[in-house]
Every structure is written in C-alpha cells, then in structure tokens.
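A.B. asks: Can you read through this structure? Questions will come right after.
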Amino acid sequence: MSIFKTCPRCDTDLPSDATSCPCGWKSRVEPKTQQRELVPCAHMDCPTPAIANVKTPTGWANLCKDHLLQRHNEEARKWCHDRGLFTIEQKLAYIRSVLPAIRAKGLSPRIPGEDDA
Ligand SMILES: [Zn+2]
Ligand SMILES: [Zn+2]
C-alpha cells in the first residue's frame with residue numbers, strides 16, 4: 001500500500017490518510033469513520049474489541065479489558081486455591097510466612113517452593 005495518494009482535483013501528492021487538500025478538495029470520508037481495524041476479543045461472542053495480547057498455555061490471545069481482568073482474577077484465585085488459601089487470613093498468613101525468605105534472597109520475586117511439585 002502506498003503511503004501517498006494523489007489529490008483527485010490538483011494531482012498533488014497527499015498523505016494516504018489525508019481527507020482534504022490545500023486546493024480545496026475534500027474527501028467525502030470523514031476521519032471518524034477511518035478507524036483502525038479492531039481486533040476482536042478471543043472470547044467467542046464477546047462484542048468488546050481486544051486491548052491486550054496475553055500469553056496463555058495454548059498460545060497468545062487477544063483479550064478485551066473485561067476478559068483481561070477476569071483472567072487476572074482467575075489466575076490469582078487459582079494460585080491461592082492451589083495452595084489451600086481460601087480466606088484473607090490464610091492468604092495473609094501465607095504472605096507473612098514467605099516474606100522473610102523473599103527478603104533473605106534479596107527481594108527476589110520468586111516465592112520459594114513456587115514450582116515444587
Ligand atoms: Zn488538491
Ligand atoms: Zn472479551
């Protein structure tokens with residue numbers, strides 16, 4: 001695709017997204033309708049356009065804002081449930097139990113035992 005187009009009235013080269021020319025020519029297409037192509041959300045039947053591309057166990061997926069948030073929440077919930085942490089108290093106790101070890105390791109973000117089977 002050329003990055004230039006020619007004014008149909010005076011043959012001046014114009015940027016391809018130009019909608020008017022100094023000679024007075026005006027495209028009938030309003031700039032508002034020339035939106036970028038929207039990327040659909042990976043969730044079927046989701047009408048919201050995707051805003052992020054995230055890595056999933058099966059590959060990359062485009063997700064809209066709501067599904068992105070939902071995914072983060074699900075991951076956090078799953079992470080806690082995998083460790084038997086269901087209540088706020090349990091979660092806080094867990095954080096307190098791992099914090100000294102994290103500090104000892106020099107603020108490493110990895111939680112000890114995280115990927116132990
Ligand atoms: Zn022109
Ligand atoms: Zn969605």
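Identifiers in this document derive from the order of the structure tokens: chains are assigned A, B, ..., residues are numbered from 1 separately in each chain, and ligands are numbered from 1 in order of occurrence.
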Within 8 Å of ligand 2, counting only C-alpha atoms and all ligand atoms, which protein or nucleic acid residues do you find, written as a list in words?

C.D. replies: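 Residues lying within 8 Å of ligand 2: Pro40, Cys41, Ala42, His43, Met44, Cys46, Pro47, Thr48, Pro49, Ala50, Leu63, Cys64, Lys65, Asp66, His67 and Leu68 of chain A.
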
A.B. asks: Okay, now the selection with C-alpha atoms, as a tab-separated table (two decimals), in the first residue's frame?

C.D. replies:
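Listing of result_28.tsv after writing:
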chain	number	residue	atom	x	y	z
A	40	PRO	CA	-11.82	-8.98	18.27
A	41	CYS	CA	-11.62	-10.45	21.76
A	42	ALA	CA	-10.54	-14.09	21.84
A	43	HIS	CA	-13.68	-14.96	23.75
A	44	MET	CA	-16.36	-16.04	21.34
A	46	CYS	CA	-17.61	-11.10	23.17
A	47	PRO	CA	-18.53	-7.81	21.47
A	48	THR	CA	-15.71	-5.78	23.05
A	49	PRO	CA	-12.57	-5.18	20.96
A	50	ALA	CA	-9.34	-6.54	22.38
A	63	LEU	CA	-8.39	-10.04	25.18
A	64	CYS	CA	-10.70	-7.14	25.87
A	65	LYS	CA	-10.47	-5.16	29.10
A	66	ASP	CA	-13.08	-7.20	30.94
A	67	HIS	CA	-11.71	-10.57	29.92
A	68	LEU	CA	-8.17	-9.44	30.72

A.B. asks: Please write out the residues within 7 Å of ligand 1 as a PyMOL selection string, counting only C-alpha atoms and all ligand atoms.

C.D. replies: chain A and resi 7-12+21-25

A.B. asks: Please give the complete set of residues from range 5-78 of chain A that DSSP, run on the backbone, assigns to helix (DSSP H, G or I), formatted as a list of chain:residue names.

C.D. replies: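 Answer for range 5-78 of chain A restricted to helix (DSSP H, G or I) is A:Pro31, A:Lys32, A:Thr33, A:Lys65, A:Asp66, A:His67, A:Leu68, A:Leu69, A:Gln70, A:Arg71, A:His72, A:Asn73, A:Glu74, A:Glu75, A:Ala76, A:Arg77, A:Lys78.
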
A.B. asks: Let's have the selection written as an mmCIF file, in the first residue's frame, with C-alpha atoms.

C.D. replies:
data_model
loop_
_atom_site.group_PDB
_atom_site.id
_atom_site.type_symbol
_atom_site.label_atom_id
_atom_site.label_comp_id
_atom_site.auth_asym_id
_atom_site.auth_seq_id
_atom_site.Cartn_x
_atom_site.Cartn_y
_atom_site.Cartn_z
ATOM 1 C CA PRO A 31 -11.835 10.909 9.555
ATOM 2 C CA LYS A 32 -14.015 9.431 12.286
ATOM 3 C CA THR A 33 -15.057 6.547 10.053
ATOM 4 C CA LYS A 65 -10.470 -5.160 29.103
ATOM 5 C CA ASP A 66 -13.083 -7.197 30.935
ATOM 6 C CA HIS A 67 -11.708 -10.568 29.924
ATOM 7 C CA LEU A 68 -8.175 -9.441 30.719
ATOM 8 C CA LEU A 69 -9.281 -8.506 34.222
ATOM 9 C CA GLN A 70 -11.263 -11.708 34.544
ATOM 10 C CA ARG A 71 -8.212 -13.699 33.539
ATOM 11 C CA HIS A 72 -6.035 -11.991 36.119
ATOM 12 C CA ASN A 73 -8.620 -12.654 38.795
ATOM 13 C CA GLU A 74 -8.935 -16.292 37.816
ATOM 14 C CA GLU A 75 -5.189 -16.771 37.857
ATOM 15 C CA ALA A 76 -4.903 -15.181 41.283
ATOM 16 C CA ARG A 77 -7.760 -17.292 42.606
ATOM 17 C CA LYS A 78 -6.325 -20.465 41.137
#

A.B. asks: DSSP on the backbone: which residues in range 12-106 of chain A end up as strand (DSSP E or B)? Give the answer as a PyMOL selection string.

C.D. replies: chain A and resi 13-15+20+26+40+49+52-56+59-63

A.B. asks: Which one is closest to Thr19 in chain A: A:Lys55, A:Lys91, A:Arg103, A:Lys5? Count only C-alpha atoms.

C.D. replies: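 Distance minimum relative to Thr19 in chain A lands on A:Lys5.
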